[in-house]
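S.K.: I have a structure I would like to understand better, so I am pasting it below and will then ask my questions one at a time.
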Amino acid sequence: MEIGLIAVAAVVVLVGTSILGSKIGVAAPLLLVIVGIGAGYLPFIPRIEIDPEIILIGVLPPLLYSAAVNVPLIDFRRNLRPVIGLSVLLVIISAVTIGFALHWFVPAIPLPAAVALGAVISPTDAVAATSIGKRLGMPERLVSILEGESLVNDATSLVLLKTALAAVAGSFVFWDAAGSFGFSVVAAIVIGIVIGMVTVWIRARLRNPVYDTIISFVVPFVAFMPAESLGASGVLAVVVTGLYTGHHAAKRFSATARMNERLNWRTVQFGLENGVFLIMGLQLHTLLDEVNETELQLEHIALVALGLVAILILLRGLFMVPLIWTMRGDKGRYQQRSDGFSRILTRARRADTTERRLRKLELLEQRSRADLAHEQEQQLGWRDGVLLSWSGMRGVVTLAAAQSISTDVPYRPQLILIAFAVAVVTLLLHGLTLPLFISKLWPDGANGSRTAELQSLGRDLLDAANAALADEIEIDAEADDGRIVPDDDLVRRVRATAKSTIAPLAFPLAATGSTPAQAQESQAACYRRLARTVLDAQRDALLEERAIGRYSSQALRAAELALDAQETRTSPPPAH
């Protein structure tokens, strides 16, 4: 009964705090940490001790999958350089630097154990940063970079932690560790792609939304477990599976499956993310009691934690300088690639090239031009570097990884408390000041209005729909299989439905009042067929635009949501 009451109270706190945060303009994770710290000292609240395996196996896979499945692959591809730099190079540099600094501060802590702590506190958590940034108008490219960084740096951190703990046990060999790291990454990518292909193939053949939902919930664990059993990075395998699934969902899944998955995983993500931040605060009381029983007291840990936070901020800021500088040449590389594809396409048109090959080259040429336009419009500058350097908050992975440190590691309670303190300080420091940074760096807002872009995308989809409708009407006129030839009124209503792509409206057949409902069965069937034809044409055009990358992922997502909503209106209910 007590556990049940605590669970109900936790849900109420999560929802209430999130509502309060949206009202006062403070990110919910920040409030939940503060609420958790305060609640942990209430006399009727029991001590909270969470088995780290619960977080590493039960929380991280679904949390990372829910984030990865919603990350547009085109944004991940365009920002691969900064994402890899921040999530791999910076994590390794930070872990090693923190290790040597902590060992210098506190010589009693062995260097491998100090590096293990560095691996724990190096990865960032983009939850609070992106929640604040999206609300206050952080540049869209920075949001994409932070989301991509938080997906990949977890794998780097956990692999480094495993290597450091092996060194604590006295079994560290550099080349063996490097080989293990490489195998962990490559094997995780392969496993993630294979699991993604298999699960997408299975789910694409399911028509019952209940079955699809059940399989969707187990996908992250199906990717995580075999990777871990083979010595690969389970979290990276989950991320790859999520990226693969999210990219192919638009083409392989039904609208109902996509809408269900969005709602289900948003719910799961909300509960897990906010729940972990609440637990972070609740565990402070227990950690303090463990530390008070040793010679390394709380005031020493506080000073060490503040010093490590300063080092992390300095390292991230310094790393941004060469990162932004090296990316200044990307525009020239994109220009060369675009010119190269244009020359190849010109030669292919002059030669005897098949239509399929020519169409593929046209798409590649259009994609290269879209990449060039994206780089020209959203090239990273000093303001972006400042904001990225100030978005290094720690969270879920830091908490989970710290508690996974084995009990035989010297000063384990102190290491866990230092990691906890670093996470809380960065959450409060960066989270509370990030709105000020955004407003000062972009006083007029960083993102322009999406109205014109949505209108342009809507016109492209409408052109595709009208062309498909004209072809279908011509086929109907020439067919002799008994299908009905649509009249002008029905065609007008199908066109009206297609015209409302971005904000689709229902056009129920009975609303016209032209004929009694009993006499409209064949007309209704014809309407649904034509509506589905134009909808398929619009979706094909949307997939093509996504492959090219001419429009932003936000505009493409808005159009996809509109098409999914329209498809659910024109599709019969699923059979149970």
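Please note that chains go A, B, ... in the order of the structure tokens, that every chain numbers its residues from 1, and that ligands are numbered from 1 in the order shown.
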Using only C-alpha atoms, determine which residues lie at most 10 Å from range 210-225 of chain A, disregarding the query and same-chain residues fewer than 5 positions distant; provide the list as an MDAnalysis selection string.

M.R.: chainID A and resid 57:58 60:66 188 191:196 199:200 202:205 230 232:242 245 253 257 260:261 264:265 268 576

S.K.: Write to file, as a short mmCIF file (atom, residue, chain, number, x, y, z; two decimals), in the first residue's frame, the residues of the selection just made, with C-alpha atoms.

M.R.:
data_model
loop_
_atom_site.label_atom_id
_atom_site.label_comp_id
_atom_site.auth_asym_id
_atom_site.auth_seq_id
_atom_site.Cartn_x
_atom_site.Cartn_y
_atom_site.Cartn_z
CA ILE A 57 18.55 -1.42 -18.26
CA GLY A 58 15.01 -0.30 -17.50
CA LEU A 60 17.99 4.33 -20.49
CA PRO A 61 16.92 2.08 -23.43
CA PRO A 62 13.32 3.35 -23.69
CA LEU A 63 14.42 6.91 -22.92
CA LEU A 64 17.05 6.95 -25.67
CA TYR A 65 14.75 5.16 -28.11
CA SER A 66 11.92 7.64 -27.56
CA ALA A 188 26.42 -1.66 -31.85
CA ILE A 191 23.12 -4.68 -34.35
CA GLY A 192 21.04 -1.50 -34.26
CA ILE A 193 20.51 -1.51 -38.03
CA VAL A 194 19.64 -5.23 -38.09
CA ILE A 195 17.16 -4.92 -35.21
CA GLY A 196 15.66 -1.84 -36.85
CA THR A 199 11.26 -4.80 -36.24
CA VAL A 200 10.17 -2.35 -38.94
CA ILE A 202 7.35 -6.99 -38.65
CA ARG A 203 5.46 -3.89 -37.56
CA ALA A 204 4.73 -2.84 -41.15
CA ARG A 205 2.70 -6.06 -41.54
CA LEU A 230 28.17 -9.40 -27.18
CA ALA A 232 28.96 -3.89 -27.64
CA SER A 233 27.35 -0.62 -26.59
CA GLY A 234 23.70 -1.33 -25.88
CA VAL A 235 22.73 2.33 -25.71
CA LEU A 236 24.30 3.04 -29.12
CA ALA A 237 22.44 0.05 -30.60
CA VAL A 238 19.19 1.47 -29.20
CA VAL A 239 19.93 4.90 -30.71
CA VAL A 240 20.67 3.41 -34.14
CA THR A 241 17.48 1.33 -34.01
CA GLY A 242 15.47 4.41 -33.05
CA THR A 245 12.69 3.22 -37.17
CA PHE A 253 3.84 2.35 -41.04
CA ALA A 257 0.58 3.39 -36.01
CA ASN A 260 -0.09 5.95 -31.60
CA GLU A 261 3.68 5.73 -31.40
CA ASN A 264 2.81 6.48 -26.45
CA TRP A 265 6.48 7.39 -26.52
CA VAL A 268 6.87 7.23 -21.69
CA HIS A 576 -10.14 -6.33 -34.09
#

S.K.: Check the smallest atom-to-atom distance from each of A:Thr17, A:Ser122, A:Thr398, A:Thr326 to Leu30 in chain A using only C-alpha atoms, then report the winner.

M.R.: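 Residue with the minimum atom-to-atom distance to Leu30 in chain A: A:Thr17.
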
S.K.: I'd like to know which of A:Gln414, A:Asn208, A:Ser389, A:Thr156 is closest to Asp289 in chain A, using only C-alpha atoms.

M.R.: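 Among A:Gln414, A:Asn208, A:Ser389, A:Thr156, it is A:Gln414 that comes nearest to Asp289 in chain A.
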
S.K.: Where in range 352-456 of chain A does DSSP assign helix (DSSP H, G or I), given as a ChimeraX atom specification?

M.R.: /A:355-377,382-389,396-403,412-441,451-456

S.K.: Could you check how far CA of Ala114 in chain A sits from CA of Thr407 in chain A, in Å to one decimal?

M.R.: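 CA of Thr407 in chain A lies at a distance of 14.7 Å from CA of Ala114 in chain A.
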
S.K.: Could you tell me which of A:Arg266, A:Met280, A:Asp384, A:Arg328 comes closest to Val422 in chain A if we count only C-alpha atoms?

M.R.: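 Smallest separation from Val422 in chain A among the options: A:Met280.
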
S.K.: Would you mind listing what lies within 8 Å of Leu358 in chain A as a list in words, with only C-alpha atoms counted and same-chain residues fewer than 4 positions away left out?

M.R.: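 The residues satisfying every condition are Leu345, Ala348, Arg349, Thr353, Thr354 and Glu362 of chain A.
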
S.K.: Could you save the residues just selected, with N, CA, C and O atoms, as an mmCIF file, in the first residue's frame?

M.R.:
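Okay, again.cif is ready:
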data_model
loop_
_atom_site.group_PDB
_atom_site.id
_atom_site.type_symbol
_atom_site.label_atom_id
_atom_site.label_comp_id
_atom_site.auth_asym_id
_atom_site.auth_seq_id
_atom_site.Cartn_x
_atom_site.Cartn_y
_atom_site.Cartn_z
ATOM 1 N N LEU A 345 25.141 15.214 -63.465
ATOM 2 C CA LEU A 345 23.777 15.152 -64.001
ATOM 3 C C LEU A 345 23.732 15.652 -65.439
ATOM 4 O O LEU A 345 23.025 15.077 -66.285
ATOM 5 N N ALA A 348 25.056 12.940 -67.616
ATOM 6 C CA ALA A 348 24.119 11.818 -67.680
ATOM 7 C C ALA A 348 22.961 12.119 -68.620
ATOM 8 O O ALA A 348 22.468 11.227 -69.322
ATOM 9 N N ARG A 349 22.513 13.359 -68.653
ATOM 10 C CA ARG A 349 21.418 13.723 -69.560
ATOM 11 C C ARG A 349 21.853 13.658 -71.014
ATOM 12 O O ARG A 349 21.053 13.351 -71.898
ATOM 13 N N THR A 353 21.392 7.406 -70.563
ATOM 14 C CA THR A 353 21.186 6.991 -69.183
ATOM 15 C C THR A 353 19.744 6.571 -68.977
ATOM 16 O O THR A 353 18.821 7.208 -69.496
ATOM 17 N N THR A 354 19.545 5.504 -68.222
ATOM 18 C CA THR A 354 18.188 5.032 -67.951
ATOM 19 C C THR A 354 17.417 6.069 -67.126
ATOM 20 O O THR A 354 18.001 6.885 -66.388
ATOM 21 N N GLU A 362 19.134 13.126 -60.203
ATOM 22 C CA GLU A 362 18.423 14.388 -59.979
ATOM 23 C C GLU A 362 18.147 14.604 -58.497
ATOM 24 O O GLU A 362 18.294 15.725 -57.984
#

S.K.: Excluding Pro29 in chain A and residues on its chain fewer than 5 positions from it, collect all residues at most 10 Å away from it, counting only C-alpha atoms, and give them as a PDB file with all heavy atoms, in the first residue's frame.

M.R.:
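Output saved as result_19.pdb:
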ATOM      1  N   LEU A  14       4.916  14.935 -10.629  1.00  0.00           N
ATOM      2  CA  LEU A  14       5.460  15.105 -11.978  1.00  0.00           C
ATOM      3  C   LEU A  14       4.561  16.000 -12.825  1.00  0.00           C
ATOM      4  O   LEU A  14       5.026  16.953 -13.461  1.00  0.00           O
ATOM      5  CB  LEU A  14       5.619  13.746 -12.659  1.00  0.00           C
ATOM      6  CG  LEU A  14       6.683  12.788 -12.105  1.00  0.00           C
ATOM      7  CD1 LEU A  14       6.732  11.514 -12.931  1.00  0.00           C
ATOM      8  CD2 LEU A  14       8.038  13.439 -12.066  1.00  0.00           C
ATOM      9  N   THR A  17       4.249  19.662 -11.197  1.00  0.00           N
ATOM     10  CA  THR A  17       5.468  20.449 -11.367  1.00  0.00           C
ATOM     11  C   THR A  17       5.654  20.869 -12.820  1.00  0.00           C
ATOM     12  O   THR A  17       6.096  21.990 -13.103  1.00  0.00           O
ATOM     13  CB  THR A  17       6.688  19.651 -10.886  1.00  0.00           C
ATOM     14  OG1 THR A  17       6.485  19.232  -9.532  1.00  0.00           O
ATOM     15  CG2 THR A  17       7.948  20.478 -10.975  1.00  0.00           C
ATOM     16  N   SER A  18       5.328  19.992 -13.750  1.00  0.00           N
ATOM     17  CA  SER A  18       5.442  20.330 -15.170  1.00  0.00           C
ATOM     18  C   SER A  18       4.482  21.462 -15.545  1.00  0.00           C
ATOM     19  O   SER A  18       4.837  22.377 -16.301  1.00  0.00           O
ATOM     20  CB  SER A  18       5.169  19.098 -16.027  1.00  0.00           C
ATOM     21  OG  SER A  18       6.115  18.082 -15.761  1.00  0.00           O
ATOM     22  N   GLY A  21       5.909  24.609 -14.023  1.00  0.00           N
ATOM     23  CA  GLY A  21       7.058  25.076 -14.780  1.00  0.00           C
ATOM     24  C   GLY A  21       6.668  25.814 -16.046  1.00  0.00           C
ATOM     25  O   GLY A  21       7.267  26.835 -16.400  1.00  0.00           O
ATOM     26  N   ILE A  34      14.711  20.327  -7.384  1.00  0.00           N
ATOM     27  CA  ILE A  34      14.525  21.097  -6.148  1.00  0.00           C
ATOM     28  C   ILE A  34      13.440  20.473  -5.283  1.00  0.00           C
ATOM     29  O   ILE A  34      13.598  20.330  -4.054  1.00  0.00           O
ATOM     30  CB  ILE A  34      14.181  22.562  -6.497  1.00  0.00           C
ATOM     31  CG1 ILE A  34      15.346  23.203  -7.244  1.00  0.00           C
ATOM     32  CG2 ILE A  34      13.868  23.354  -5.226  1.00  0.00           C
ATOM     33  CD1 ILE A  34      15.058  24.596  -7.774  1.00  0.00           C
ATOM     34  N   VAL A  35      12.332  20.086  -5.912  1.00  0.00           N
ATOM     35  CA  VAL A  35      11.242  19.437  -5.163  1.00  0.00           C
ATOM     36  C   VAL A  35      11.723  18.135  -4.542  1.00  0.00           C
ATOM     37  O   VAL A  35      11.404  17.814  -3.388  1.00  0.00           O
ATOM     38  CB  VAL A  35      10.031  19.192  -6.094  1.00  0.00           C
ATOM     39  CG1 VAL A  35       8.999  18.297  -5.407  1.00  0.00           C
ATOM     40  CG2 VAL A  35       9.389  20.511  -6.481  1.00  0.00           C
ATOM     41  N   VAL A 127      17.789  17.327 -22.277  1.00  0.00           N
ATOM     42  CA  VAL A 127      16.369  17.450 -21.948  1.00  0.00           C
ATOM     43  C   VAL A 127      16.032  18.868 -21.521  1.00  0.00           C
ATOM     44  O   VAL A 127      15.161  19.531 -22.095  1.00  0.00           O
ATOM     45  CB  VAL A 127      15.986  16.457 -20.832  1.00  0.00           C
ATOM     46  CG1 VAL A 127      14.547  16.681 -20.399  1.00  0.00           C
ATOM     47  CG2 VAL A 127      16.169  15.029 -21.314  1.00  0.00           C
ATOM     48  N   ALA A 128      16.712  19.354 -20.489  1.00  0.00           N
ATOM     49  CA  ALA A 128      16.404  20.687 -19.985  1.00  0.00           C
ATOM     50  C   ALA A 128      16.788  21.763 -20.993  1.00  0.00           C
ATOM     51  O   ALA A 128      16.051  22.735 -21.189  1.00  0.00           O
ATOM     52  CB  ALA A 128      17.119  20.914 -18.657  1.00  0.00           C
ATOM     53  N   ALA A 129      17.955  21.594 -21.629  1.00  0.00           N
ATOM     54  CA  ALA A 129      18.422  22.617 -22.573  1.00  0.00           C
ATOM     55  C   ALA A 129      17.464  22.773 -23.743  1.00  0.00           C
ATOM     56  O   ALA A 129      17.095  23.897 -24.122  1.00  0.00           O
ATOM     57  CB  ALA A 129      19.828  22.257 -23.078  1.00  0.00           C
ATOM     58  N   SER A 131      14.304  21.778 -23.931  1.00  0.00           N
ATOM     59  CA  SER A 131      12.972  22.204 -23.505  1.00  0.00           C
ATOM     60  C   SER A 131      12.935  23.710 -23.313  1.00  0.00           C
ATOM     61  O   SER A 131      11.943  24.372 -23.664  1.00  0.00           O
ATOM     62  CB  SER A 131      12.572  21.490 -22.211  1.00  0.00           C
ATOM     63  OG  SER A 131      13.443  21.845 -21.149  1.00  0.00           O
ATOM     64  N   GLU A 273      11.884  10.684 -18.031  1.00  0.00           N
ATOM     65  CA  GLU A 273      12.780  11.829 -17.881  1.00  0.00           C
ATOM     66  C   GLU A 273      12.529  12.566 -16.570  1.00  0.00           C
ATOM     67  O   GLU A 273      13.436  12.780 -15.763  1.00  0.00           O
ATOM     68  CB  GLU A 273      12.601  12.800 -19.055  1.00  0.00           C
ATOM     69  CG  GLU A 273      13.222  12.335 -20.348  1.00  0.00           C
ATOM     70  CD  GLU A 273      12.952  13.293 -21.472  1.00  0.00           C
ATOM     71  OE1 GLU A 273      12.100  14.203 -21.289  1.00  0.00           O
ATOM     72  OE2 GLU A 273      13.562  13.156 -22.542  1.00  0.00           O
ATOM     73  N   ASN A 274      11.298  12.958 -16.359  1.00  0.00           N
ATOM     74  CA  ASN A 274      10.977  13.735 -15.170  1.00  0.00           C
ATOM     75  C   ASN A 274      11.092  12.896 -13.906  1.00  0.00           C
ATOM     76  O   ASN A 274      11.467  13.417 -12.849  1.00  0.00           O
ATOM     77  CB  ASN A 274       9.576  14.330 -15.299  1.00  0.00           C
ATOM     78  CG  ASN A 274       9.494  15.385 -16.389  1.00  0.00           C
ATOM     79  OD1 ASN A 274      10.004  16.484 -16.247  1.00  0.00           O
ATOM     80  ND2 ASN A 274       8.866  15.045 -17.487  1.00  0.00           N
ATOM     81  N   GLY A 275      10.778  11.604 -14.013  1.00  0.00           N
ATOM     82  CA  GLY A 275      10.907  10.739 -12.845  1.00  0.00           C
ATOM     83  C   GLY A 275      12.343  10.619 -12.375  1.00  0.00           C
ATOM     84  O   GLY A 275      12.621  10.628 -11.169  1.00  0.00           O
ATOM     85  N   VAL A 276      13.283  10.530 -13.305  1.00  0.00           N
ATOM     86  CA  VAL A 276      14.690  10.418 -12.923  1.00  0.00           C
ATOM     87  C   VAL A 276      15.180  11.705 -12.270  1.00  0.00           C
ATOM     88  O   VAL A 276      15.942  11.679 -11.295  1.00  0.00           O
ATOM     89  CB  VAL A 276      15.549  10.058 -14.147  1.00  0.00           C
ATOM     90  CG1 VAL A 276      17.030  10.160 -13.822  1.00  0.00           C
ATOM     91  CG2 VAL A 276      15.229   8.642 -14.614  1.00  0.00           C
ATOM     92  N   PHE A 277      14.758  12.841 -12.782  1.00  0.00           N
ATOM     93  CA  PHE A 277      15.162  14.101 -12.150  1.00  0.00           C
ATOM     94  C   PHE A 277      14.598  14.215 -10.738  1.00  0.00           C
ATOM     95  O   PHE A 277      15.260  14.726  -9.830  1.00  0.00           O
ATOM     96  CB  PHE A 277      14.707  15.287 -12.999  1.00  0.00           C
ATOM     97  CG  PHE A 277      15.549  15.508 -14.218  1.00  0.00           C
ATOM     98  CD1 PHE A 277      15.029  15.310 -15.484  1.00  0.00           C
ATOM     99  CD2 PHE A 277      16.869  15.901 -14.105  1.00  0.00           C
ATOM    100  CE1 PHE A 277      15.793  15.507 -16.613  1.00  0.00           C
ATOM    101  CE2 PHE A 277      17.654  16.100 -15.224  1.00  0.00           C
ATOM    102  CZ  PHE A 277      17.116  15.901 -16.487  1.00  0.00           C
ATOM    103  N   LEU A 278      13.374  13.746 -10.536  1.00  0.00           N
ATOM    104  CA  LEU A 278      12.797  13.748  -9.188  1.00  0.00           C
ATOM    105  C   LEU A 278      13.589  12.817  -8.271  1.00  0.00           C
ATOM    106  O   LEU A 278      13.874  13.145  -7.113  1.00  0.00           O
ATOM    107  CB  LEU A 278      11.332  13.322  -9.257  1.00  0.00           C
ATOM    108  CG  LEU A 278      10.574  13.259  -7.926  1.00  0.00           C
ATOM    109  CD1 LEU A 278      10.524  14.629  -7.265  1.00  0.00           C
ATOM    110  CD2 LEU A 278       9.168  12.709  -8.136  1.00  0.00           C
ATOM    111  N   GLY A 395      22.550  15.034 -16.436  1.00  0.00           N
ATOM    112  CA  GLY A 395      21.283  14.557 -15.917  1.00  0.00           C
ATOM    113  C   GLY A 395      21.199  13.055 -15.758  1.00  0.00           C
ATOM    114  O   GLY A 395      21.915  12.457 -14.957  1.00  0.00           O
ATOM    115  N   LEU A 427      22.557  21.741 -13.884  1.00  0.00           N
ATOM    116  CA  LEU A 427      21.135  21.924 -14.195  1.00  0.00           C
ATOM    117  C   LEU A 427      20.651  23.294 -13.745  1.00  0.00           C
ATOM    118  O   LEU A 427      19.973  24.008 -14.489  1.00  0.00           O
ATOM    119  CB  LEU A 427      20.305  20.831 -13.523  1.00  0.00           C
ATOM    120  CG  LEU A 427      20.158  19.499 -14.254  1.00  0.00           C
ATOM    121  CD1 LEU A 427      19.439  18.498 -13.374  1.00  0.00           C
ATOM    122  CD2 LEU A 427      19.403  19.684 -15.558  1.00  0.00           C
ATOM    123  N   LEU A 428      20.978  23.675 -12.515  1.00  0.00           N
ATOM    124  CA  LEU A 428      20.508  24.949 -11.988  1.00  0.00           C
ATOM    125  C   LEU A 428      21.245  26.126 -12.616  1.00  0.00           C
ATOM    126  O   LEU A 428      20.619  27.118 -13.011  1.00  0.00           O
ATOM    127  CB  LEU A 428      20.674  24.963 -10.460  1.00  0.00           C
ATOM    128  CG  LEU A 428      19.861  23.917  -9.691  1.00  0.00           C
ATOM    129  CD1 LEU A 428      20.152  24.000  -8.202  1.00  0.00           C
ATOM    130  CD2 LEU A 428      18.373  24.096  -9.941  1.00  0.00           C
ATOM    131  N   GLY A 431      20.538  25.951 -16.543  1.00  0.00           N
ATOM    132  CA  GLY A 431      19.105  26.007 -16.809  1.00  0.00           C
ATOM    133  C   GLY A 431      18.480  27.337 -16.472  1.00  0.00           C
ATOM    134  O   GLY A 431      17.629  27.849 -17.211  1.00  0.00           O
TER     135      GLY A 431
END

S.K.: Using only C-alpha atoms, which protein or nucleic acid residues come within 7 Å of Ile416 in chain A? Drop anything in the same chain fewer than 4 positions from it, and give the result as a ChimeraX atom specification.

M.R.: /A:402-403,412,420

S.K.: Could you give me, as a PyMOL selection string, the residues within 12 Å of Leu361 in chain A, counting only C-alpha atoms and dropping anything in the same chain fewer than 6 positions from it?

M.R.: chain A and resi 338+340-349+353-355+367-368+548

S.K.: Write the residues of the preceding selection, restricted to N, CA, C and O atoms, as a tab-separated table (two decimals), in the first residue's frame.

M.R.:
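After the write, out_19.tsv holds the following:
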chain	number	residue	atom	x	y	z
A	338	SER	N	27.91	20.25	-54.64
A	338	SER	CA	26.75	20.61	-55.45
A	338	SER	C	27.14	20.81	-56.91
A	338	SER	O	26.46	20.32	-57.82
A	340	GLY	N	29.69	19.47	-58.37
A	340	GLY	CA	30.05	18.16	-58.90
A	340	GLY	C	28.84	17.35	-59.33
A	340	GLY	O	28.83	16.75	-60.42
A	341	PHE	N	27.80	17.32	-58.50
A	341	PHE	CA	26.58	16.60	-58.88
A	341	PHE	C	25.91	17.24	-60.09
A	341	PHE	O	25.33	16.54	-60.93
A	342	SER	N	26.00	18.56	-60.21
A	342	SER	CA	25.40	19.23	-61.37
A	342	SER	C	26.11	18.82	-62.65
A	342	SER	O	25.47	18.56	-63.69
A	343	ARG	N	27.45	18.72	-62.60
A	343	ARG	CA	28.19	18.28	-63.78
A	343	ARG	C	27.88	16.83	-64.12
A	343	ARG	O	27.71	16.47	-65.30
A	344	ILE	N	27.81	15.97	-63.10
A	344	ILE	CA	27.48	14.56	-63.35
A	344	ILE	C	26.10	14.44	-63.97
A	344	ILE	O	25.89	13.66	-64.92
A	345	LEU	N	25.14	15.21	-63.47
A	345	LEU	CA	23.78	15.15	-64.00
A	345	LEU	C	23.73	15.65	-65.44
A	345	LEU	O	23.02	15.08	-66.29
A	346	THR	N	24.50	16.70	-65.74
A	346	THR	CA	24.53	17.21	-67.11
A	346	THR	C	25.08	16.17	-68.07
A	346	THR	O	24.52	15.95	-69.17
A	347	ARG	N	26.16	15.49	-67.66
A	347	ARG	CA	26.73	14.45	-68.53
A	347	ARG	C	25.77	13.28	-68.67
A	347	ARG	O	25.67	12.67	-69.75
A	348	ALA	N	25.06	12.94	-67.62
A	348	ALA	CA	24.12	11.82	-67.68
A	348	ALA	C	22.96	12.12	-68.62
A	348	ALA	O	22.47	11.23	-69.32
A	349	ARG	N	22.51	13.36	-68.65
A	349	ARG	CA	21.42	13.72	-69.56
A	349	ARG	C	21.85	13.66	-71.01
A	349	ARG	O	21.05	13.35	-71.90
A	353	THR	N	21.39	7.41	-70.56
A	353	THR	CA	21.19	6.99	-69.18
A	353	THR	C	19.74	6.57	-68.98
A	353	THR	O	18.82	7.21	-69.50
A	354	THR	N	19.54	5.50	-68.22
A	354	THR	CA	18.19	5.03	-67.95
A	354	THR	C	17.42	6.07	-67.13
A	354	THR	O	18.00	6.89	-66.39
A	355	GLU	N	16.11	6.03	-67.24
A	355	GLU	CA	15.27	7.00	-66.54
A	355	GLU	C	15.41	6.86	-65.03
A	355	GLU	O	15.44	7.86	-64.30
A	367	ARG	N	19.41	17.29	-53.48
A	367	ARG	CA	19.79	17.19	-52.07
A	367	ARG	C	21.06	17.99	-51.79
A	367	ARG	O	21.15	18.67	-50.76
A	368	SER	N	22.03	17.92	-52.69
A	368	SER	CA	23.28	18.66	-52.48
A	368	SER	C	23.01	20.16	-52.49
A	368	SER	O	23.61	20.91	-51.71
A	548	ILE	N	15.28	15.06	-50.17
A	548	ILE	CA	16.05	16.17	-50.73
A	548	ILE	C	16.55	17.10	-49.63
A	548	ILE	O	17.70	17.54	-49.63

S.K.: With only C-alpha atoms as the atoms that count, which of A:Leu31, A:Val69, A:Leu288, A:Val304 lies nearest to Ala101 in chain A?

M.R.: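 Counting only C-alpha atoms, the residue closest to Ala101 in chain A is A:Val304.
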
S.K.: Counting only C-alpha atoms, figure out which residue out of A:Pro123, A:Gly332, A:Pro43, A:Gly381 gets nearest to Ala401 in chain A.

M.R.: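 Ranking A:Pro123, A:Gly332, A:Pro43, A:Gly381 by distance to Ala401 in chain A, first place goes to A:Pro123.
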
S.K.: Can you pull out the residues contacting Ser552 in chain A? Cut-off 9 Å, using only C-alpha atoms, and skip same-chain residues under 4 positions away; I want them as a list of chain:residue names.

M.R.: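 Using only C-alpha atoms, the neighbours found are A:Asp75, A:His374, A:Glu453, A:Arg546, A:Leu556, A:Arg557.
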